[in-house]
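One structure is given below, encoded as C-alpha cells.
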Amino acid sequence: MNQLEKVRFAPSPTGHLHIGGARTALFNYLEAKNKGGTFLLRIEDTDAARSTKESEDVIIEDLRWLGIDWNEGIEVGGDFGPYRCTERPDIYKKYLNDLLEEGKAYKCYCTAEETEAERESQRAKGEMPRYSGKCSNLTKEEIDAYEAEGREHTIRFRVPTDKDIVINDEVRGEVIFESNGVGDFIIAKADGTPVYNFAVAVDDHLMEVTTIIRGEEHLSNTPRQVLIYEAFGWETPKFAHVSLILGEDRSKMSKRHGSTHVDQYRNKGYLPEAIINFLALLGWSPEGEEEIFSLKELEEMFTLDRVSKNPAVFDIKKLNWINGQYIRASDLDYITKLSIPYLLEAGLINDQDVENRYDWIKLIVSATRGNLDYLSQITDHVGIFFNDEVEFEDDKARKVIDLNQEHVPLVLKSFKEKVEEADKIDLDFAKTVFKKVQKDTGVKGKNLFMTVRVALTGQCQGPEMPDIIQILGKEGIIKRIDTAINK
RNA sequence: GGCCCGUUGGUCAAGUGGUUAAGACACCGCCCUUUCACGGCGGCUUCAGGGGUUCGAACCCCCUACGGGUCACCA
C-alpha cells in the first residue's frame, strides 16, 4: 500500500487556475495514472486573507472541465483528510509544539516591522536579506519580558548550520543547497497559523505523498521543506520540479502576455482535449513523432524522465493548430453544442432555433468548422447565413455580379428557377443544380460559380457552395437572388 | 547581490561520445479545391561563446555571457 505512487496538486485558492497550474495538475494526474497510483487534491488555503471559496470553486471547476480527476481529497474524500489547511489547525499546532519542545524551533518576538526594517538595511548594504537570529536564544527573562509586554510571537525554524541539503530531483538531478544560505524561517505566523512551507511538509507527509511534482518556482523552497522533514525524522518524498511556462518575451507568463487562465481559453472556445494535448507537449515530449494525443493515450505514455529541464515559451499558434485539429476531428454534435452559445450570444439564433432548427445549425457548424482556431470565431464566418440583405464585401465582389455582364442575369434567373422548381433543397439538389444551370445557360466555370456565390453571400470566398445552398434553403436563396437582380 | 535552475532553428522539441542533428507549429512555395479554409507535397532556418578531455563532442569538465527562479507573518 505504502509503496504505491501518490502525487498531489495543492493549489492555493487565490485566483483562477493558471495555465501553468493546469499543467502541473496534468503532470501529477498523468504520473498517478501511469503508475496506477493516487492523485490527491488538497487546497492550500493557509493564507486566509487571500483565499476565497469562489476561487476554490473555480479551480475545481476548471480541473473537472479539463478532465483532470482526482481520487482523493477535496470533494471526493479519503483517509487522510481534512483536505483544506484551514481545517487542520490542531494538526499543525501539535507538530509546531513538538518542534518547539525539542528546541528545533523557537518563538520570535520581532514584529513584522522590525524584520522588514532589518531586511531593508541588509538590502541597502548589498547583503542577502536574512533573519539575524535575534530571538534564537532568548533567556527565560527576556521571553517573560516580551510576554509581559503583550508582544505576539511567530515561530521560527532553527536552521542547522554548515549542512548540505541534497535534493534528488526527478527532472533536475541532484541539487544541493547549503543550510547557511537559509535563514531561520517563520513556520507559524503571529496568529498561530502555519506558513506554507510548514503546512505543505506536514500535509504531504501525513497524507503519504510520495512524489511532489510542482513548478520550478518552488525549487528554492524545497530545502526548507526538507529541513522540516528531517527535523521530524520523516522520510523525504521524491521531488520533480517542472520548469516554468514563459511568455513570448521569455519572462514568466503573466497577464500582459495575453490569456493566462484556463477559463479564458474555455470562454474563447478552446476544447479541453486540445488544452490538455497542448499542455502535455509543453515541457514533456512523447517518444514517437505523433503529436495529437487523447488524455487516455497520455496516461499510458507519460513518464517524468521525459520532462524537460528548460522553460518553454507558450506558443498560442501551436495551441490554435491543435485546437483546430480537435474542432475538425471531433464529433459534429459535440462541436455544434459547444458552438451554440457563441451563436446565441451574438444574437444570431435564439433558444427556439436551437430547439427547432438544430439540424440547420449543425449544417452551419459543419460548413464553417474548417476555418476555426477556436469556437468563438464561428461568429465571424456565419454572418452570410443570417443576413437576408446581401452586403457586398468589396468592389471586387460587386463587379462579379454586375448585371451588365451578359452571363450574370442569365445564371441568376436559371438558378432561381431551378430552386423554385425543386421540392427539396437537399444535398442531392445542391450538388446537381450547377450542372443543370450550365446546361440551360451555357455558362460555366468561374462565371457560373462565382456569380451564384456572390449573389448569395456577397463574398468571393466562403464555405462550399453545396453547404451554402442547403443552409440558405429555398426562401433564402430566392430572396437573395431577387435583391441581386434588382440592384 | 547571494543561492539555485536553464541555454539545440522564430516557437515546442528528439537526441545521453561517431546521426545526412528527428518530428511538430509558424513562415515561404507548389498541388488539391472553379472561392477561403482544410488537406497533401516540398523548402527555409538550429547545437549561446570560449577553453579543455577524447581518435572523435550537441552530448563529459571548466569559464564567460545571456535568460529565469528564489530570498515574505504569499503560495
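Numbering starts fresh at 1 for the residues of each chain in the C-alpha cells, the chains themselves are lettered A, B, ... in the order given, and ligands are numbered from 1 as they appear.
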Write out as number ranges by chain the residues lying within 9 Å of His16 of chain A, counting only C-alpha atoms (C1' of nucleotides) and excluding same-chain residues fewer than 2 positions away.
-> A: 13-14, 18, 55-56, 58-59, 62, 261-263
Selection file, all heavy atoms, as an mmCIF file, in the first residue's frame:
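Final file, result.cif:
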```cif
data_model
loop_
_atom_site.group_PDB
_atom_site.id
_atom_site.type_symbol
_atom_site.label_atom_id
_atom_site.label_comp_id
_atom_site.auth_asym_id
_atom_site.auth_seq_id
_atom_site.Cartn_x
_atom_site.Cartn_y
_atom_site.Cartn_z
ATOM 1 N N PRO A 13 -6.175 28.778 -3.180
ATOM 2 C CA PRO A 13 -7.357 29.344 -3.837
ATOM 3 C C PRO A 13 -7.355 30.863 -3.808
ATOM 4 O O PRO A 13 -8.141 31.492 -3.121
ATOM 5 C CB PRO A 13 -8.506 28.765 -3.015
ATOM 6 C CG PRO A 13 -7.920 28.604 -1.650
ATOM 7 C CD PRO A 13 -6.473 28.281 -1.841
ATOM 8 N N THR A 14 -6.463 31.437 -4.553
ATOM 9 C CA THR A 14 -6.338 32.896 -4.529
ATOM 10 C C THR A 14 -6.589 33.500 -5.904
ATOM 11 O O THR A 14 -6.213 34.623 -6.173
ATOM 12 C CB THR A 14 -4.934 33.309 -4.058
ATOM 13 O OG1 THR A 14 -3.971 32.661 -4.910
ATOM 14 C CG2 THR A 14 -4.695 32.902 -2.629
ATOM 15 N N HIS A 18 -4.356 28.995 -13.249
ATOM 16 C CA HIS A 18 -3.387 29.483 -14.214
ATOM 17 C C HIS A 18 -3.018 28.349 -15.167
ATOM 18 O O HIS A 18 -3.088 27.184 -14.808
ATOM 19 C CB HIS A 18 -2.155 29.968 -13.431
ATOM 20 C CG HIS A 18 -1.112 30.612 -14.278
ATOM 21 N ND1 HIS A 18 -1.081 31.984 -14.459
ATOM 22 C CD2 HIS A 18 -0.090 30.105 -14.972
ATOM 23 C CE1 HIS A 18 -0.044 32.269 -15.255
ATOM 24 N NE2 HIS A 18 0.571 31.152 -15.575
ATOM 25 N N SER A 55 -12.726 31.136 -5.442
ATOM 26 C CA SER A 55 -11.549 30.716 -6.178
ATOM 27 C C SER A 55 -11.402 29.198 -6.149
ATOM 28 O O SER A 55 -11.085 28.573 -7.158
ATOM 29 C CB SER A 55 -10.318 31.388 -5.586
ATOM 30 O OG SER A 55 -9.162 30.816 -6.107
ATOM 31 N N GLU A 56 -11.629 28.646 -4.989
ATOM 32 C CA GLU A 56 -11.558 27.183 -4.888
ATOM 33 C C GLU A 56 -12.539 26.531 -5.854
ATOM 34 O O GLU A 56 -12.196 25.591 -6.570
ATOM 35 C CB GLU A 56 -11.888 26.754 -3.445
ATOM 36 C CG GLU A 56 -11.829 25.257 -3.232
ATOM 37 C CD GLU A 56 -12.277 24.847 -1.831
ATOM 38 O OE1 GLU A 56 -11.878 25.527 -0.858
ATOM 39 O OE2 GLU A 56 -13.024 23.862 -1.720
ATOM 40 N N VAL A 58 -13.779 27.762 -8.593
ATOM 41 C CA VAL A 58 -13.366 27.975 -9.981
ATOM 42 C C VAL A 58 -12.268 26.999 -10.370
ATOM 43 O O VAL A 58 -12.291 26.399 -11.442
ATOM 44 C CB VAL A 58 -12.879 29.425 -10.182
ATOM 45 C CG1 VAL A 58 -12.207 29.574 -11.535
ATOM 46 C CG2 VAL A 58 -14.037 30.399 -10.064
ATOM 47 N N ILE A 59 -11.308 26.838 -9.480
ATOM 48 C CA ILE A 59 -10.196 25.933 -9.767
ATOM 49 C C ILE A 59 -10.697 24.499 -9.946
ATOM 50 O O ILE A 59 -10.323 23.799 -10.882
ATOM 51 C CB ILE A 59 -9.144 26.000 -8.639
ATOM 52 C CG1 ILE A 59 -8.419 27.350 -8.706
ATOM 53 C CG2 ILE A 59 -8.154 24.851 -8.755
ATOM 54 C CD1 ILE A 59 -7.540 27.646 -7.512
ATOM 55 N N ASP A 62 -12.519 24.177 -13.238
ATOM 56 C CA ASP A 62 -11.606 24.119 -14.377
ATOM 57 C C ASP A 62 -10.922 22.762 -14.492
ATOM 58 O O ASP A 62 -10.766 22.210 -15.578
ATOM 59 C CB ASP A 62 -10.538 25.217 -14.256
ATOM 60 C CG ASP A 62 -11.110 26.588 -14.577
ATOM 61 O OD1 ASP A 62 -12.189 26.652 -15.193
ATOM 62 O OD2 ASP A 62 -10.481 27.593 -14.210
ATOM 63 N N HIS A 261 -5.366 32.311 -17.907
ATOM 64 C CA HIS A 261 -6.229 31.447 -17.107
ATOM 65 C C HIS A 261 -6.960 30.433 -17.972
ATOM 66 O O HIS A 261 -7.366 30.740 -19.094
ATOM 67 C CB HIS A 261 -7.278 32.265 -16.351
ATOM 68 C CG HIS A 261 -6.663 33.257 -15.416
ATOM 69 N ND1 HIS A 261 -7.259 34.458 -15.116
ATOM 70 C CD2 HIS A 261 -5.493 33.237 -14.743
ATOM 71 C CE1 HIS A 261 -6.481 35.125 -14.272
ATOM 72 N NE2 HIS A 261 -5.404 34.416 -14.038
ATOM 73 N N VAL A 262 -7.114 29.276 -17.418
ATOM 74 C CA VAL A 262 -7.800 28.217 -18.139
ATOM 75 C C VAL A 262 -9.194 28.653 -18.581
ATOM 76 O O VAL A 262 -9.613 28.406 -19.710
ATOM 77 C CB VAL A 262 -7.886 26.948 -17.270
ATOM 78 C CG1 VAL A 262 -8.804 25.926 -17.903
ATOM 79 C CG2 VAL A 262 -6.491 26.358 -17.080
ATOM 80 N N ASP A 263 -9.899 29.354 -17.705
ATOM 81 C CA ASP A 263 -11.277 29.698 -18.077
ATOM 82 C C ASP A 263 -11.325 30.709 -19.222
ATOM 83 O O ASP A 263 -12.287 30.761 -19.967
ATOM 84 C CB ASP A 263 -12.092 30.171 -16.868
ATOM 85 C CG ASP A 263 -11.426 31.304 -16.124
ATOM 86 O OD1 ASP A 263 -10.314 31.709 -16.535
ATOM 87 O OD2 ASP A 263 -12.003 31.788 -15.146
#
```
Within 10 Å of Phe278 of chain A using only C-alpha atoms (C1' of nucleotides), minus same-chain residues under 2 positions, as a compact mmCIF listing (two decimals) with C-alpha atoms (C1' of nucleotides), in the first residue's frame:
```
# COMPACT_ATOMS: atom_id res chain seq x y z
CA ARG A 23 -0.01 21.82 -16.48
CA PRO A 272 -10.38 20.78 -23.09
CA GLU A 273 -8.87 17.96 -25.15
CA ALA A 274 -6.81 20.48 -27.07
CA ILE A 275 -5.58 22.31 -23.99
CA ILE A 276 -4.59 19.03 -22.39
CA ALA A 280 1.31 17.93 -22.24
CA LEU A 281 3.63 18.86 -25.07
CA LEU A 282 4.85 21.89 -23.18
CA GLY A 283 7.70 20.57 -21.12
CA GLU A 291 1.61 14.98 -31.60
CA ILE A 292 -2.10 14.54 -31.19
CA PHE A 293 -2.98 12.56 -28.09
CA PHE A 314 3.76 29.43 -24.58
CA ASP A 315 3.05 29.37 -28.30
CA ILE A 316 -0.52 30.32 -28.98
CA LYS A 318 0.53 25.84 -31.81
CA LEU A 319 -2.38 25.76 -29.40
CA ASN A 320 -4.54 27.13 -32.19
CA TRP A 321 -3.37 24.44 -34.53
CA ILE A 322 -4.03 21.68 -32.03
CA ASN A 323 -7.40 23.13 -31.19
C1' C B 12 7.77 23.40 -28.90
```
Return as a count of residues only the residues belonging to chain B that are within 12 Å of chain A, counting only C-alpha atoms (C1' of nucleotides).
-> 36
DSSP strand (DSSP E or B) residues within segment 125-349 of chain A, as a ChimeraX atom specification = /A:154-157,164-169,173-178,186-188,194,211-215,238-242,245-246,252,261,284,307,312-313
How would the residues just chosen look if you wrote them out with C-alpha atoms as a short mmCIF file (atom, residue, chain, number, x, y, z; two decimals), in the first residue's frame?
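Result file is part-v9.cif:
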```cif
data_model
loop_
_atom_site.label_atom_id
_atom_site.label_comp_id
_atom_site.auth_asym_id
_atom_site.auth_seq_id
_atom_site.Cartn_x
_atom_site.Cartn_y
_atom_site.Cartn_z
CA THR A 154 5.90 33.97 15.43
CA ILE A 155 7.59 30.61 15.41
CA ARG A 156 10.82 30.22 13.54
CA PHE A 157 12.53 27.08 12.43
CA ASP A 164 24.34 20.41 2.82
CA ILE A 165 20.77 19.84 1.88
CA VAL A 166 20.67 17.45 -1.01
CA ILE A 167 17.61 17.19 -3.15
CA ASN A 168 17.23 14.40 -5.62
CA ASP A 169 15.06 15.90 -8.22
CA GLY A 173 19.02 15.53 -10.85
CA GLU A 174 20.92 16.27 -7.68
CA VAL A 175 20.53 19.82 -6.41
CA ILE A 176 22.50 20.91 -3.38
CA PHE A 177 21.77 23.83 -1.09
CA GLU A 178 23.82 24.99 1.84
CA ILE A 186 8.95 31.50 10.03
CA ILE A 187 6.80 28.42 10.23
CA ALA A 188 3.89 29.92 12.15
CA PRO A 194 1.20 27.82 9.87
CA THR A 211 6.29 12.36 -5.20
CA ILE A 212 5.91 16.09 -5.29
CA ILE A 213 5.56 17.43 -8.80
CA ARG A 214 5.33 21.19 -8.93
CA GLY A 215 6.62 24.29 -10.65
CA LYS A 238 10.75 12.47 -4.24
CA PHE A 239 10.64 15.82 -5.94
CA ALA A 240 10.14 16.78 -9.54
CA HIS A 241 10.37 20.44 -10.39
CA VAL A 242 8.91 21.25 -13.73
CA ILE A 245 5.91 28.40 -18.82
CA LEU A 246 7.14 31.66 -20.31
CA LYS A 252 7.18 34.30 -16.68
CA HIS A 261 -6.23 31.45 -17.11
CA TRP A 284 7.19 16.92 -21.89
CA VAL A 307 10.00 16.07 -18.75
CA ALA A 312 9.00 26.61 -22.51
CA VAL A 313 7.52 29.57 -24.29
#
```
Give the alpha helix (DSSP H) residues of segment 321-387 of chain A, as DSSP finds them on the backbone, and put them as a ChimeraX atom specification.
-> /A:321-329,332-345,351-356,358-368,378-381,383-386
Given only C-alpha atoms as the counted atoms, nearest of A:Val437, A:Ile327, A:Leu41, A:Ala422 to Gly73 of chain A | A:Leu41
Which distance in Å separates atom CA of Glu230 of chain A and atom CA of Ser132 of chain A, to one decimal?
->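 Atom CA of Ser132 of chain A lies 22.6 Å from atom CA of Glu230 of chain A.
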Nearest to G29 of chain B, restricted to only C-alpha atoms (C1' of nucleotides) and choosing among B:A48, B:C41, B:A58, B:C63, comes out as B:C41
In Å to one decimal, how far is atom CA of Glu299 of chain A from atom CA of Gly258 of chain A?
->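 Pair atom CA of Gly258 of chain A / atom CA of Glu299 of chain A returns 29.3 Å.
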